[in-house]
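To start, the structure under review is shown below, and the notes come after it.
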Amino acid sequence: MFAKNKRQLLLATISVCATMSLVGCGNADIADKTNTVTKQGTIDVETMTVGIPEPSLQKAVFSFALDDTPIAHTGGKNQYMARNKLKDGAVVLAQCKNGACFQLQRLYRETPISAEEGEAVMKIMMPKDAPPQSRVDDKQLSDSKIKMPVVEYFFGDDYYGTITYNNHTDKKVFAVTVDKPAVLKEAGAAPATTTETKPAQ
């Protein structure tokens, strides 16, 4: 009888340990993997946010390449370009200064998206500590003289987003950008360079 009870106790202990192990695995699986570089040198470009440390981009050798053109280093910054397009066809540019990314930009040259999709993309690119959106300036949409109107989104004084449209008529998005204005100004207010038509190979 004692042996039987001892066996049942042992089985119960094993069961509890297994359950604890599974719970531990579950917690690891749901951990926030935003901006995390794998051992293989990749990073999930789909979930990147402004504020990612520059060393992370340097380590993500299979996801990003350092742009070596002179304009990409104006104002003491470094510009990185994603090697591959995202699922929605965007090319991603990241600008860094003082060891951190201060600007992320998704370019939709070949696959323009809608305004609603652009706003959703902007939220993904915004860091989690960003304050709520405080105001929107869309006056350029009513100015027909501006070929590619820009709508500005303000998130307190810390973050600033823009959606650039291809034109006034179809309202298709050409670019979505998120900035830290203070660092952008320090870098000479240099926007992400958009002259490159293909992602780095």
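Identifiers for the structure tokens are assigned positionally: chains receive A, B, ... in sequence, residues are indexed from 1 per chain, and ligands are indexed from 1 in the order shown.
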
Excluding Gln103 of chain A and any residue of its chain fewer than 4 positions from it, enumerate the residues within 7 Å of it, using only C-alpha atoms, and give them as a ChimeraX atom specification. /A:50,94-95,178-180

Give me the residues within 10 Å of Asn167 of chain A as a PDB file with C-alpha atoms, in the first residue's frame, counting only C-alpha atoms and dropping any in the same chain fewer than 4 places off.
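Produced file around25.pdb, reproduced below:
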ATOM      1  CA  LEU A 141      -4.635  67.783 -48.845  1.00  0.00           C
ATOM      2  CA  SER A 144      -3.853  71.348 -55.282  1.00  0.00           C
ATOM      3  CA  ILE A 146       1.297  70.452 -53.848  1.00  0.00           C
ATOM      4  CA  LYS A 147       1.958  67.391 -55.990  1.00  0.00           C
ATOM      5  CA  MET A 148       2.575  64.954 -53.130  1.00  0.00           C
ATOM      6  CA  PRO A 149       0.614  66.202 -50.093  1.00  0.00           C
ATOM      7  CA  VAL A 150       1.763  65.264 -46.595  1.00  0.00           C
ATOM      8  CA  LYS A 171      -5.179  59.321 -51.908  1.00  0.00           C
ATOM      9  CA  LYS A 172      -2.764  56.403 -52.168  1.00  0.00           C
ATOM     10  CA  VAL A 173       0.127  56.376 -49.699  1.00  0.00           C
ATOM     11  CA  PHE A 174       3.679  56.712 -50.994  1.00  0.00           C
TER      12      PHE A 174
END

Near segment 129-138 of chain A, counting only C-alpha atoms, which residues have an atom at most 8 Å away, once you skip same-chain residues fewer than 5 positions from it, shown as number ranges by chain? A: 150-156, 158-159

Could you list, with a cut-off of 10 Å and counting only C-alpha atoms, the residues of segment 126-167 of chain A near segment 51-57 of chain A, each shown with its nearest atom pair and the distance in Å rounded to one decimal, rows sorted by chain and ascending number, as a Markdown table?
| residue | atom | partner | partner_atom | distance |
| --- | --- | --- | --- | --- |
| A:Met126 | CA | A:Gly51 | CA | 8.7 |
| A:Pro127 | CA | A:Gly51 | CA | 6.8 |
| A:Lys128 | CA | A:Gly51 | CA | 9.8 |
| A:Asp129 | CA | A:Gly51 | CA | 9.9 |

Out of segment 37-143 of chain A, which residues get helix (DSSP H, G or I) from DSSP, as a PyMOL selection string? chain A and resi 45-47+54-59+70-76+115-125+139-142

Enumerate as a list of chain:residue names all residues of segment 68-126 of chain A assigned to strand (DSSP E) by DSSP on the backbone, naming them with the chain letters and numbers the document uses.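 Strand (DSSP E) assignments inside segment 68-126 of chain A correspond to A:Asn78, A:Gln79, A:Tyr80, A:Met81, A:Ala82, A:Val91, A:Val92, A:Leu93, A:Ala94, A:Gln95, A:Cys96, A:Lys97, A:Ala100, A:Cys101, A:Phe102, A:Gln103, A:Leu104, A:Gln105, A:Arg106, A:Leu107.
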
Write to file, as a PDB file, in the first residue's frame, the residues of the selection just made, with N, CA and C atoms.
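The result, stored in selection_9.pdb:
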ATOM      1  N   ASN A  78      23.525  57.750 -39.529  1.00  0.00           N
ATOM      2  CA  ASN A  78      23.718  56.568 -40.371  1.00  0.00           C
ATOM      3  C   ASN A  78      22.361  56.107 -40.872  1.00  0.00           C
ATOM      4  N   GLN A  79      22.286  55.732 -42.134  1.00  0.00           N
ATOM      5  CA  GLN A  79      21.036  55.229 -42.694  1.00  0.00           C
ATOM      6  C   GLN A  79      21.196  53.761 -43.063  1.00  0.00           C
ATOM      7  N   TYR A  80      20.195  52.975 -42.662  1.00  0.00           N
ATOM      8  CA  TYR A  80      20.174  51.549 -42.975  1.00  0.00           C
ATOM      9  C   TYR A  80      18.973  51.261 -43.861  1.00  0.00           C
ATOM     10  N   MET A  81      19.145  50.328 -44.790  1.00  0.00           N
ATOM     11  CA  MET A  81      18.049  49.953 -45.675  1.00  0.00           C
ATOM     12  C   MET A  81      17.797  48.451 -45.556  1.00  0.00           C
ATOM     13  N   ALA A  82      16.539  48.088 -45.428  1.00  0.00           N
ATOM     14  CA  ALA A  82      16.186  46.669 -45.351  1.00  0.00           C
ATOM     15  C   ALA A  82      16.541  45.977 -46.658  1.00  0.00           C
ATOM     16  N   VAL A  91       9.556  49.183 -48.702  1.00  0.00           N
ATOM     17  CA  VAL A  91      10.993  49.188 -48.447  1.00  0.00           C
ATOM     18  C   VAL A  91      11.195  49.998 -47.170  1.00  0.00           C
ATOM     19  N   VAL A  92      11.982  49.484 -46.230  1.00  0.00           N
ATOM     20  CA  VAL A  92      12.162  50.143 -44.938  1.00  0.00           C
ATOM     21  C   VAL A  92      13.519  50.821 -44.849  1.00  0.00           C
ATOM     22  N   LEU A  93      13.515  52.090 -44.428  1.00  0.00           N
ATOM     23  CA  LEU A  93      14.731  52.838 -44.160  1.00  0.00           C
ATOM     24  C   LEU A  93      14.746  53.201 -42.677  1.00  0.00           C
ATOM     25  N   ALA A  94      15.909  53.077 -42.056  1.00  0.00           N
ATOM     26  CA  ALA A  94      16.063  53.446 -40.652  1.00  0.00           C
ATOM     27  C   ALA A  94      17.221  54.422 -40.519  1.00  0.00           C
ATOM     28  N   GLN A  95      16.990  55.542 -39.862  1.00  0.00           N
ATOM     29  CA  GLN A  95      18.036  56.537 -39.641  1.00  0.00           C
ATOM     30  C   GLN A  95      18.423  56.529 -38.171  1.00  0.00           C
ATOM     31  N   CYS A  96      19.729  56.523 -37.897  1.00  0.00           N
ATOM     32  CA  CYS A  96      20.232  56.457 -36.526  1.00  0.00           C
ATOM     33  C   CYS A  96      21.215  57.577 -36.238  1.00  0.00           C
ATOM     34  N   LYS A  97      21.213  58.007 -34.986  1.00  0.00           N
ATOM     35  CA  LYS A  97      22.179  58.996 -34.511  1.00  0.00           C
ATOM     36  C   LYS A  97      22.317  58.808 -33.003  1.00  0.00           C
ATOM     37  N   ALA A 100      20.963  55.333 -31.541  1.00  0.00           N
ATOM     38  CA  ALA A 100      19.571  54.876 -31.565  1.00  0.00           C
ATOM     39  C   ALA A 100      18.881  55.338 -32.845  1.00  0.00           C
ATOM     40  N   CYS A 101      17.846  54.601 -33.231  1.00  0.00           N
ATOM     41  CA  CYS A 101      17.069  54.950 -34.421  1.00  0.00           C
ATOM     42  C   CYS A 101      16.117  56.092 -34.080  1.00  0.00           C
ATOM     43  N   PHE A 102      16.237  57.204 -34.833  1.00  0.00           N
ATOM     44  CA  PHE A 102      15.343  58.332 -34.595  1.00  0.00           C
ATOM     45  C   PHE A 102      14.302  58.487 -35.698  1.00  0.00           C
ATOM     46  N   GLN A 103      14.450  57.713 -36.777  1.00  0.00           N
ATOM     47  CA  GLN A 103      13.461  57.784 -37.850  1.00  0.00           C
ATOM     48  C   GLN A 103      13.313  56.435 -38.544  1.00  0.00           C
ATOM     49  N   LEU A 104      12.066  56.044 -38.726  1.00  0.00           N
ATOM     50  CA  LEU A 104      11.748  54.867 -39.535  1.00  0.00           C
ATOM     51  C   LEU A 104      10.853  55.322 -40.671  1.00  0.00           C
ATOM     52  N   GLN A 105      11.097  54.771 -41.854  1.00  0.00           N
ATOM     53  CA  GLN A 105      10.277  55.134 -43.002  1.00  0.00           C
ATOM     54  C   GLN A 105       9.979  53.893 -43.826  1.00  0.00           C
ATOM     55  N   ARG A 106       8.709  53.749 -44.196  1.00  0.00           N
ATOM     56  CA  ARG A 106       8.307  52.682 -45.113  1.00  0.00           C
ATOM     57  C   ARG A 106       7.893  53.329 -46.425  1.00  0.00           C
ATOM     58  N   LEU A 107       8.537  52.912 -47.508  1.00  0.00           N
ATOM     59  CA  LEU A 107       8.263  53.472 -48.836  1.00  0.00           C
ATOM     60  C   LEU A 107       7.439  52.497 -49.664  1.00  0.00           C
TER      61      LEU A 107
END

Please measure the separation of atom CA of Arg109 of chain A and atom CA of Thr42 of chain A, giving the value in Å to one decimal. 24.3 Å

I'd like to know which of A:Ile163, A:Leu66, A:Leu86, A:Val37 is closest to Glu119 of chain A, using only C-alpha atoms.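 Counting only C-alpha atoms, the residue closest to Glu119 of chain A is A:Ile163.
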